[in-house]
Amino acid sequence: MQKKEITFILNGKKVWVEVKPYEKLLDVLRDKLGVKSPKYGCGRGECGACSVLLDGKAIRSCIVYAIEVDGHEVTTVEGLQANGLTPLQKSFLAHNSFQCGFCAPGMIIQATELLNENPHPDEEEIREYIAGNLCRCTGYNPIVEAILDVAKKG
Ligand code: FES
Ligand code: FES
């Protein structure tokens, strides 16, 4: 199948990459562009491990075709921390919100979107917002506490 060159802003820099029409954004980010924070969990849009921001909105990069981001802006955790850890990341560390860490990049992306849209969410709003991001280790409480802490201070 014919390849197409796409151009988009990745973590603040313009990138060009040749993709096949059926290639998913997650695979292109990880395998062609060396951006490893988005993780392959379910591959079906159900776990949130592959979440990235597309024009500021959290999306599941395992179910988005790479050609769909042509001309758009994609941000991953690497981009968020370009100038050092964000308050949210620091809060995750302070609250021991990771165990294996597999869910962490997706959680950070999802919580970043939440705090951008609503800087002071309450606990219920946080739980609802991250409900689609699965964590098999923490029981979610340390994650919610980390986000809540930033929401209270922010
Ligand atoms: S890997 Fe994309 S949602 Fe699970
Ligand atoms: S820390 Fe292991 S899946 Fe969340």
# chains A, B, ... in the order shown; residues from 1 in each chain; ligands from 1
call {"tool": "residues_near_ligand", "arguments": {"ligand": "ligand 1", "cutoff": "8 Å", "atoms": "only C-alpha atoms and all ligand atoms", "output": "NGL selection string"}}
result
:A and (26 or 39-51 or 60-63 or 133)
call {"tool": "residues_near_ligand", "arguments": {"ligand": "ligand 2", "cutoff": "6 Å", "atoms": "only C-alpha atoms and all ligand atoms", "output": "MDAnalysis selection string"}}
result
chainID A and resid 98:103 135:138
call {"tool": "residues_around", "arguments": {"residues": "Gly56 in chain A", "least_positions_apart": "3", "cutoff": "9 Å", "atoms": "only C-alpha atoms", "output": "list of chain:residue names"}}
result
A:Val52, A:Leu53, A:Glu73, A:Val74, A:Thr75, A:Glu113, A:Asn116
call {"tool": "select_by_dssp", "arguments": {"residues": "range 6-142 of chain A", "states": "strand (DSSP E)", "output": "number ranges by chain"}}
result
A: 6-10, 13-19, 51-54, 57-60, 73-75
call {"tool": "write_last_selection", "arguments": {"atoms": "N, CA, C and O atoms", "output": "mmCIF file, in the first residue's frame"}}
result
data_model
loop_
_atom_site.group_PDB
_atom_site.id
_atom_site.type_symbol
_atom_site.label_atom_id
_atom_site.label_comp_id
_atom_site.auth_asym_id
_atom_site.auth_seq_id
_atom_site.Cartn_x
_atom_site.Cartn_y
_atom_site.Cartn_z
ATOM 1 N N ILE A 6 3.638 12.544 6.131
ATOM 2 C CA ILE A 6 2.827 13.457 6.948
ATOM 3 C C ILE A 6 3.761 14.378 7.736
ATOM 4 O O ILE A 6 4.920 14.042 7.989
ATOM 5 N N THR A 7 3.230 15.523 8.085
ATOM 6 C CA THR A 7 3.976 16.511 8.875
ATOM 7 C C THR A 7 3.107 16.924 10.047
ATOM 8 O O THR A 7 1.918 17.189 9.862
ATOM 9 N N PHE A 8 3.701 16.937 11.212
ATOM 10 C CA PHE A 8 2.950 17.449 12.360
ATOM 11 C C PHE A 8 3.918 17.971 13.414
ATOM 12 O O PHE A 8 5.129 17.784 13.296
ATOM 13 N N ILE A 9 3.369 18.667 14.379
ATOM 14 C CA ILE A 9 4.195 19.174 15.473
ATOM 15 C C ILE A 9 4.190 18.118 16.576
ATOM 16 O O ILE A 9 3.132 17.766 17.096
ATOM 17 N N LEU A 10 5.366 17.616 16.895
ATOM 18 C CA LEU A 10 5.504 16.615 17.947
ATOM 19 C C LEU A 10 6.340 17.220 19.069
ATOM 20 O O LEU A 10 7.518 17.538 18.877
ATOM 21 N N LYS A 13 8.134 20.362 18.106
ATOM 22 C CA LYS A 13 9.008 20.407 16.924
ATOM 23 C C LYS A 13 8.307 19.795 15.719
ATOM 24 O O LYS A 13 7.592 18.795 15.862
ATOM 25 N N LYS A 14 8.566 20.389 14.572
ATOM 26 C CA LYS A 14 7.941 19.871 13.352
ATOM 27 C C LYS A 14 8.635 18.576 12.936
ATOM 28 O O LYS A 14 9.871 18.517 12.908
ATOM 29 N N VAL A 15 7.845 17.557 12.653
ATOM 30 C CA VAL A 15 8.427 16.287 12.200
ATOM 31 C C VAL A 15 7.769 15.868 10.887
ATOM 32 O O VAL A 15 6.618 16.222 10.610
ATOM 33 N N TRP A 16 8.548 15.146 10.101
ATOM 34 C CA TRP A 16 8.054 14.573 8.851
ATOM 35 C C TRP A 16 8.261 13.071 8.975
ATOM 36 O O TRP A 16 9.320 12.628 9.442
ATOM 37 N N VAL A 17 7.296 12.313 8.534
ATOM 38 C CA VAL A 17 7.474 10.855 8.597
ATOM 39 C C VAL A 17 6.603 10.207 7.525
ATOM 40 O O VAL A 17 5.515 10.693 7.220
ATOM 41 N N GLU A 18 7.149 9.136 6.924
ATOM 42 C CA GLU A 18 6.383 8.386 5.927
ATOM 43 C C GLU A 18 5.582 7.311 6.639
ATOM 44 O O GLU A 18 6.143 6.554 7.444
ATOM 45 N N VAL A 19 4.300 7.268 6.352
ATOM 46 C CA VAL A 19 3.454 6.268 7.005
ATOM 47 C C VAL A 19 2.595 5.546 5.976
ATOM 48 O O VAL A 19 2.286 6.093 4.906
ATOM 49 N N SER A 51 -2.278 6.975 25.726
ATOM 50 C CA SER A 51 -2.852 8.318 25.572
ATOM 51 C C SER A 51 -1.795 9.378 25.259
ATOM 52 O O SER A 51 -0.706 9.382 25.830
ATOM 53 N N VAL A 52 -2.142 10.253 24.346
ATOM 54 C CA VAL A 52 -1.323 11.432 24.020
ATOM 55 C C VAL A 52 -2.301 12.592 23.828
ATOM 56 O O VAL A 52 -3.511 12.390 23.691
ATOM 57 N N LEU A 53 -1.770 13.798 23.824
ATOM 58 C CA LEU A 53 -2.623 14.961 23.537
ATOM 59 C C LEU A 53 -2.574 15.258 22.054
ATOM 60 O O LEU A 53 -1.489 15.361 21.461
ATOM 61 N N LEU A 54 -3.731 15.367 21.443
ATOM 62 C CA LEU A 54 -3.831 15.782 20.042
ATOM 63 C C LEU A 54 -4.542 17.137 20.041
ATOM 64 O O LEU A 54 -5.718 17.218 20.426
ATOM 65 N N LYS A 57 -6.181 17.695 23.319
ATOM 66 C CA LYS A 57 -7.194 16.747 23.803
ATOM 67 C C LYS A 57 -6.580 15.356 23.934
ATOM 68 O O LYS A 57 -5.870 14.908 23.031
ATOM 69 N N ALA A 58 -6.879 14.698 25.033
ATOM 70 C CA ALA A 58 -6.348 13.355 25.226
ATOM 71 C C ALA A 58 -7.022 12.375 24.280
ATOM 72 O O ALA A 58 -8.250 12.305 24.211
ATOM 73 N N ILE A 59 -6.203 11.634 23.530
ATOM 74 C CA ILE A 59 -6.742 10.615 22.619
ATOM 75 C C ILE A 59 -5.965 9.321 22.822
ATOM 76 O O ILE A 59 -4.891 9.312 23.397
ATOM 77 N N ARG A 60 -6.545 8.242 22.326
ATOM 78 C CA ARG A 60 -5.898 6.928 22.420
ATOM 79 C C ARG A 60 -5.140 6.702 21.123
ATOM 80 O O ARG A 60 -5.752 6.478 20.074
ATOM 81 N N GLU A 73 -1.070 18.884 16.127
ATOM 82 C CA GLU A 73 -0.058 18.976 17.165
ATOM 83 C C GLU A 73 -0.231 17.829 18.156
ATOM 84 O O GLU A 73 -1.320 17.655 18.714
ATOM 85 N N VAL A 74 0.833 17.072 18.341
ATOM 86 C CA VAL A 74 0.799 15.927 19.248
ATOM 87 C C VAL A 74 1.774 16.186 20.397
ATOM 88 O O VAL A 74 2.917 16.593 20.169
ATOM 89 N N THR A 75 1.296 15.949 21.608
ATOM 90 C CA THR A 75 2.163 16.122 22.775
ATOM 91 C C THR A 75 2.142 14.846 23.605
ATOM 92 O O THR A 75 1.075 14.295 23.890
#
call {"tool": "residues_around", "arguments": {"residues": "Leu88 in chain A", "least_positions_apart": "5", "cutoff": "8 Å", "atoms": "only C-alpha atoms", "output": "mmCIF file with N, CA, C and O atoms, in the first residue's frame"}}
result
data_model
loop_
_atom_site.group_PDB
_atom_site.id
_atom_site.type_symbol
_atom_site.label_atom_id
_atom_site.label_comp_id
_atom_site.auth_asym_id
_atom_site.auth_seq_id
_atom_site.Cartn_x
_atom_site.Cartn_y
_atom_site.Cartn_z
ATOM 1 N N ILE A 108 -0.856 10.607 33.322
ATOM 2 C CA ILE A 108 -0.365 11.987 33.335
ATOM 3 C C ILE A 108 -1.017 12.784 32.200
ATOM 4 O O ILE A 108 -1.434 13.938 32.381
ATOM 5 N N THR A 112 -3.484 15.784 32.822
ATOM 6 C CA THR A 112 -3.073 17.085 32.276
ATOM 7 C C THR A 112 -4.234 17.723 31.527
ATOM 8 O O THR A 112 -4.519 18.922 31.676
ATOM 9 N N ALA A 146 -2.683 12.437 44.146
ATOM 10 C CA ALA A 146 -1.667 13.269 43.481
ATOM 11 C C ALA A 146 -2.330 14.356 42.633
ATOM 12 O O ALA A 146 -1.911 15.522 42.644
ATOM 13 N N ILE A 147 -3.370 13.985 41.928
ATOM 14 C CA ILE A 147 -4.060 14.969 41.075
ATOM 15 C C ILE A 147 -4.789 15.983 41.948
ATOM 16 O O ILE A 147 -4.764 17.197 41.689
ATOM 17 N N VAL A 150 -2.557 18.719 43.305
ATOM 18 C CA VAL A 150 -2.260 19.778 42.321
ATOM 19 C C VAL A 150 -3.500 20.662 42.139
ATOM 20 O O VAL A 150 -3.395 21.889 42.051
#
call {"tool": "select_by_dssp", "arguments": {"residues": "chain A", "states": "helix (DSSP H, G or I)", "output": "VMD selection string"}}
result
chain A and resid 25 to 32 66 to 69 77 to 80 87 to 94 104 to 117 123 to 129 141 to 153
call {"tool": "atom_distance", "arguments": {"atom1": "CA of Gln110 in chain A", "atom2": "CA of Lys90 in chain A"}}
result
15.6 Å
call {"tool": "atom_distance", "arguments": {"atom1": "CA of Thr76 in chain A", "atom2": "CA of Ser37 in chain A"}}
result
7.0 Å
call {"tool": "residues_around", "arguments": {"residues": "Val77 in chain A", "least_positions_apart": "4", "cutoff": "7 Å", "atoms": "only C-alpha atoms", "output": "list in words"}}
result
Ser37, Gln81, Pro105 and Ile109 of chain A
call {"tool": "write_last_selection", "arguments": {"atoms": "N, CA, C and O atoms", "output": "short mmCIF file (atom, residue, chain, number, x, y, z; two decimals), in the first residue's frame"}}
result
data_model
loop_
_atom_site.label_atom_id
_atom_site.label_comp_id
_atom_site.auth_asym_id
_atom_site.auth_seq_id
_atom_site.Cartn_x
_atom_site.Cartn_y
_atom_site.Cartn_z
N SER A 37 7.12 7.05 25.57
CA SER A 37 6.26 7.13 26.76
C SER A 37 4.87 6.53 26.52
O SER A 37 4.35 5.85 27.41
N GLN A 81 7.44 17.45 29.81
CA GLN A 81 8.55 17.63 30.75
C GLN A 81 9.79 18.20 30.07
O GLN A 81 10.89 18.08 30.60
N PRO A 105 2.30 7.20 32.02
CA PRO A 105 2.24 8.24 30.99
C PRO A 105 0.80 8.57 30.56
O PRO A 105 0.44 9.74 30.39
N ILE A 109 -1.11 12.16 31.04
CA ILE A 109 -1.74 12.85 29.89
C ILE A 109 -3.21 13.14 30.19
O ILE A 109 -3.70 14.27 30.00
#
call {"tool": "closest_residue", "arguments": {"among": "A:Asp70, A:Ala111, A:Ala151, A:Gly106", "to": "Leu134 in chain A", "atoms": "only C-alpha atoms"}}
result
A:Gly106
call {"tool": "residues_around", "arguments": {"residues": "Lys153 in chain A", "least_positions_apart": "4", "cutoff": "9 Å", "atoms": "only C-alpha atoms", "output": "list in words"}}
result
His120, Leu148 and Asp149 of chain A
call {"tool": "residues_around", "arguments": {"residues": "range 82-85 of chain A", "least_positions_apart": "6", "cutoff": "10 Å", "atoms": "only C-alpha atoms", "output": "VMD selection string"}}
result
chain A and resid 11 to 12 91
call {"tool": "atom_distance", "arguments": {"atom1": "CA of Ile126 in chain A", "atom2": "CA of Lys152 in chain A"}}
result
12.1 Å
call {"tool": "closest_residue", "arguments": {"among": "A:Leu29, A:Ile143, A:Val64, A:Val35", "to": "Gln89 in chain A", "atoms": "only C-alpha atoms"}}
result
A:Ile143
